[in-house]
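K.L.:
One structure, as structure tokens, below. Some questions next.
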Amino acid sequence: MADFRHHLTLYARLLGAQIRSQGAHRTSFMLDALGSLLITAAEFAALALVLPRFGGLGGWTLGEICLLYGLAELAFVLMDILFGGFDAPNLSTHVRTGSFSTFLLRPAPLTLQVFASDFALRRIPRVLLAAAIAGYGLTHAPLAAGPETAALLGAAVLGMICFFGGLFVIGGTLTFWTVDSVEAMNVLTYGGRTLISYPMDIYSAWLRRTFTYLIPAAFLSYLPALHLLGRPLPDGLPGWAALIGPLAGPLVLAGAFAFWRVGVRRYQGTGT
Amino acid sequence: MTTTPAPPTGGPVSRLSRLALPWAVTRLGFQRQFAYPQAALWGLITNSFFGLLRVAVLLALFGTRPQVAGYTPQDAITYTGLTQAFIMAFSLFGWFDFMRVIHRGEVTADLLRPASLLGFWAAQDAGRALGQLALRGLPMLLIFQVIWGLNWPPGPLAWAQVTLSVLLAWACGFLFRFLVNCAAFWSPDAVGFGRFAWAVLGLGCGFLMPLAFFPEWFRALLAWTPFPGMLNTVVELWVGVTTGPAAWAALGTQLGWTLALLLACQVTLRAGLRRLEVAGG
């Protein structure tokens, strides 16, 4: 327990240093934050502006889509802030330049240092926007207010943070072996985020099934959302499948960290 | 005894040799794109996957409607194929090359070349764009053709207009990117400014959604910007949403914005270089 508290203090200190350094150039920070916010805003505006002309998307209203879109975006941006250090482009830079080897020399847990190595504060405004979109969804979708709804939504967001965090850890670990092919992980991370931002019944059956049973993305928020909206689950899945859904995330994250430990043990550096 | 090279035989430099440098720069820019075939392959796979998702969203929007705002579902698929094919050629996700050269002070080396700075970068980017079009644009169109089938321009006139429009879209887009990169002369924070600009471009040029689907007030707003000419015009000419006199008017608008941006680039560049001189960077 004392160990854990020590690590928490250490993490807070490393973050404090990051925050101070990112605050040094105020204009740069403001513009970067604004640009980052605008990416989400533009993507969402493109959907929200055209939806009135079409009435809905595959039988889903704007409010219901906002619920899916907002939850996925909120979880992904929070995950990006937490796990940014593991993202393949960041970690591969550390591996290539040899600064990863200096992590190994320091008297602090390696994983903790990677966690704290890229805490991008500029994404905070994006979190607020995502929360606002999710909030619009919560108030405009026919949800039953109650502790069960709140618990399931909270679990869905946490599950998604774990799931995408796990994918970042796997992608980062792959950079120990190869620097090139990690682009393929983008299909799963950014592609997966986009995929689950929309009702999954709009995709062809093979695509939806791949991202339900092979890669358990549908369990993260789509099935819980269907359950809360009182819609039937696809493929005749039983109702409880929606409730166990959020567990998929922690399972992926646990597997990812096991892979990470193997990678770190094999890590030899690039000689730089 | 040393020999001095013979002086030029008088008269103006022939037009052919004046084109030799930009041509060489374009060719090198083209060839450079083929240095990392593996990265290109993964890029193609990623773009195809996103294309798949975007087609699903657009078809779900259409539902059973046969036509919306002049687009049929098949036109919407063609729109997606075209936009995915042009992402890299038109650098729709951002372009920071010239900015980096300014920040590092390497722009001074560029100035030593016997060519205009803007012309040199335009030639290089033309080669880069052509390389990306060959490496990733055409395969993307082929993939879309095989999976969903594309609508193609109906005749020689439409093909000519589309080709002209693609050239103008590249020129207009390049000049806009160059102008944004010029911010680096004034600010070390230009990267944030750039990210901001690309986000606006993505929405304004019709990359995220066909502009015809947007509400009237939003399209009226965009009509005052050069962004639709950087992608949306190409799509509308290709699928035949814009035809006849409207097609020539659209091309004229593209040309007008290209000339306006060219002027803006030249003025900004001159001011930026003067500032560089003062700062001694």
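Note on naming: chains are A, B, ... as they come in the structure tokens, residues start from 1 per chain, ligands start from 1 in the order shown.
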Would you pick out the contacts of Leu10 (chain A) at 10 Å or less, using only C-alpha atoms, so that residues sharing its chain but fewer than 2 positions from it are not included, and give the list as a count of residues only?

P.N.:
15

K.L.:
Identify, with DSSP run on backbone atoms, the residues in region 10-146 of chain A assigned to alpha helix (DSSP H), and express the list as a PyMOL selection string.

P.N.:
chain A and resi 10-22+26-54+62-83+88-97+99-105+110-115+124-140

K.L.:
Do you know which residues are at most 10 Å from Gly206 (chain B) counting only C-alpha atoms, after dropping those on the same chain fewer than 4 positions away, and could you put them as a list of chain:residue names?

P.N.:
A:Ala46, B:Tyr79, B:Thr83, B:Leu201, B:Gly202, B:Pro210, B:Leu211, B:Ala212, B:Phe213, B:Phe214, B:Phe227, B:Pro228, B:Gly229, B:Met230, B:Leu231, B:Asn232, B:Thr233, B:Val235

K.L.:
Quick one: of A:Asp32, A:Glu43, A:Asp80, A:Glu64, who's nearest to Leu143 (chain A), counting only C-alpha atoms?

P.N.:
A:Glu64

K.L.:
Set the distance at 12 Å and use only C-alpha atoms: which residues neighbour Phe100 (chain A) once local chain neighbours fewer than 2 positions away are removed? I'd like the list as a PyMOL selection string.

P.N.:
chain A and resi 85-86+90-98+102-106+110-111+113-114+117+172+175-176+264+267-272

K.L.:
List the spatial neighbours of region 133-140 of chain A as JSON, numbers by chain - criterion: any atom at most 10 Å away, only C-alpha atoms, same-chain residues fewer than 4 positions off excluded.

P.N.:
{"A": [41, 44, 61, 62, 63, 64, 65, 66, 67, 68, 69, 70, 71, 72, 73, 74, 127, 128, 129, 144, 145, 153]}

K.L.:
Convert the current residue selection to file output with C-alpha atoms, as a PDB file, in the first residue's frame.

P.N.:
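And here is the file that came out, part28.pdb:
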ATOM      1  CA  ALA A  41     -15.940  19.793 -33.665  1.00  0.00           C
ATOM      2  CA  PHE A  44     -19.222  16.122 -35.406  1.00  0.00           C
ATOM      3  CA  THR A  61     -32.210   9.949 -34.039  1.00  0.00           C
ATOM      4  CA  LEU A  62     -29.592  12.676 -33.507  1.00  0.00           C
ATOM      5  CA  GLY A  63     -29.911  12.281 -29.726  1.00  0.00           C
ATOM      6  CA  GLU A  64     -29.303   8.534 -29.857  1.00  0.00           C
ATOM      7  CA  ILE A  65     -26.303   8.942 -32.175  1.00  0.00           C
ATOM      8  CA  CYS A  66     -24.929  11.671 -29.890  1.00  0.00           C
ATOM      9  CA  LEU A  67     -25.041   9.176 -27.055  1.00  0.00           C
ATOM     10  CA  LEU A  68     -22.914   6.645 -28.984  1.00  0.00           C
ATOM     11  CA  TYR A  69     -20.649   9.249 -30.554  1.00  0.00           C
ATOM     12  CA  GLY A  70     -20.150  11.277 -27.382  1.00  0.00           C
ATOM     13  CA  LEU A  71     -19.387   8.251 -25.184  1.00  0.00           C
ATOM     14  CA  ALA A  72     -16.868   6.846 -27.694  1.00  0.00           C
ATOM     15  CA  GLU A  73     -15.163  10.217 -28.191  1.00  0.00           C
ATOM     16  CA  LEU A  74     -15.120  10.974 -24.446  1.00  0.00           C
ATOM     17  CA  VAL A 127     -12.817  16.173 -23.386  1.00  0.00           C
ATOM     18  CA  LEU A 128     -15.256  18.964 -22.570  1.00  0.00           C
ATOM     19  CA  LEU A 129     -16.705  18.940 -26.086  1.00  0.00           C
ATOM     20  CA  ALA A 144     -34.616   5.581 -18.133  1.00  0.00           C
ATOM     21  CA  ALA A 145     -32.894   7.734 -15.492  1.00  0.00           C
ATOM     22  CA  LEU A 153     -22.805   4.089 -18.812  1.00  0.00           C
TER      23      LEU A 153
END

K.L.:
Tell me which of B:Leu179, B:Leu167, B:Leu259, B:Leu203 sits closest to chain A, counting only C-alpha atoms.

P.N.:
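For chain A, the nearest of the given residues is B:Leu203.
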
K.L.:
For CA of Thr78 (chain B) and CA of Gly94 (chain B), determine how far apart the two atoms are, in Å to one decimal place.

P.N.:
23.4 Å

K.L.:
Using only C-alpha atoms, what table do you get, as CSV, when you list each residue of chain A with an atom no more than 10 Å from chain B, its nearest pair of atoms, and their distance in Å rounded to one decimal, rows by chain then rising number?

P.N.:
residue,atom,partner,partner_atom,distance
A:His25,CA,B:Asp189,CA,8.3
A:Arg26,CA,B:Asp189,CA,9.4
A:Thr27,CA,B:Asp189,CA,7.1
A:Ser28,CA,B:Asp189,CA,4.7
A:Phe29,CA,B:Gly192,CA,7.6
A:Met30,CA,B:Gly192,CA,8.0
A:Leu31,CA,B:Gly192,CA,4.8
A:Asp32,CA,B:Gly192,CA,4.2
A:Ala33,CA,B:Gly192,CA,7.8
A:Leu34,CA,B:Phe196,CA,6.7
A:Gly35,CA,B:Phe196,CA,3.9
A:Ser36,CA,B:Arg195,CA,7.2
A:Leu37,CA,B:Phe196,CA,8.7
A:Leu38,CA,B:Ala199,CA,5.9
A:Ile39,CA,B:Ala199,CA,5.1
A:Thr40,CA,B:Ala199,CA,8.7
A:Ala41,CA,B:Ala199,CA,8.8
A:Ala42,CA,B:Leu203,CA,5.7
A:Glu43,CA,B:Leu208,CA,6.6
A:Phe44,CA,B:Leu208,CA,9.4
A:Ala45,CA,B:Leu203,CA,8.3
A:Ala46,CA,B:Met209,CA,6.0
A:Leu47,CA,B:Met209,CA,7.7
A:Ala48,CA,B:Phe214,CA,9.4
A:Leu49,CA,B:Phe214,CA,5.9
A:Val50,CA,B:Phe214,CA,5.2
A:Leu51,CA,B:Leu61,CA,7.7
A:Pro52,CA,B:Pro215,CA,8.7
A:Arg53,CA,B:Phe213,CA,7.2
A:Phe54,CA,B:Leu61,CA,6.1
A:Gly55,CA,B:Leu61,CA,8.2
A:Gly56,CA,B:Leu61,CA,6.7
A:Leu57,CA,B:Leu61,CA,4.9
A:Gly58,CA,B:Ala60,CA,5.0
A:Gly59,CA,B:Ala60,CA,8.7
A:Trp60,CA,B:Ala60,CA,9.9
A:Asp180,CA,B:Ala39,CA,6.7
A:Ser181,CA,B:Trp42,CA,7.3
A:Val182,CA,B:Trp42,CA,8.9
A:Glu183,CA,B:Trp42,CA,6.3
A:Ala184,CA,B:Trp42,CA,6.1
A:Met185,CA,B:Thr46,CA,9.1
A:Asn186,CA,B:Thr46,CA,7.1
A:Val187,CA,B:Thr46,CA,5.5
A:Leu188,CA,B:Thr46,CA,9.3
A:Tyr190,CA,B:Phe50,CA,9.3
A:Gly191,CA,B:Phe50,CA,6.6
A:Gly192,CA,B:Phe50,CA,9.8
A:Thr194,CA,B:Leu53,CA,7.9
A:Leu195,CA,B:Leu53,CA,6.7
A:Tyr198,CA,B:Val57,CA,7.8
A:Pro199,CA,B:Val57,CA,9.2
A:Met200,CA,B:Ala56,CA,9.6
A:Asp201,CA,B:Ala60,CA,9.3
A:Ile202,CA,B:Ala60,CA,5.9
A:Tyr203,CA,B:Ala56,CA,5.6
A:Ser204,CA,B:Ala56,CA,7.8
A:Leu207,CA,B:Leu52,CA,9.4

K.L.:
Please measure the separation of CA of Asp110 (chain B) and CA of Thr258 (chain B), giving the value in Å to one decimal.

P.N.:
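These atoms are spaced 23.6 Å apart.
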
K.L.:
Report as a list in words all protein, DNA and RNA residues lying within 12 Å of Gln145 (chain B), evaluated on only C-alpha atoms, omitting residues in the same chain fewer than 4 positions from it.

P.N.:
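Everything that qualifies: Gln74, Ile77, Thr78, Thr80, Gly81, Leu82, Ala85, Leu138, Pro139, Met140, Leu141, Gly149, Leu150, Asn151 and Trp152 of chain B.
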
K.L.:
Between CA of Arg128 (chain B) and CA of Gly29 (chain B), what distance in Å does the model show, to one decimal?

P.N.:
4.8 Å

K.L.:
I'd like the contact shell of region 245-259 of chain A - 12 Å cut-off, only C-alpha atoms, skipping same-chain residues fewer than 5 positions apart - returned as a PyMOL selection string.

P.N.:
chain A and resi 75+79+83+86+111+151-174+176+212-227+233+237-240+264-266
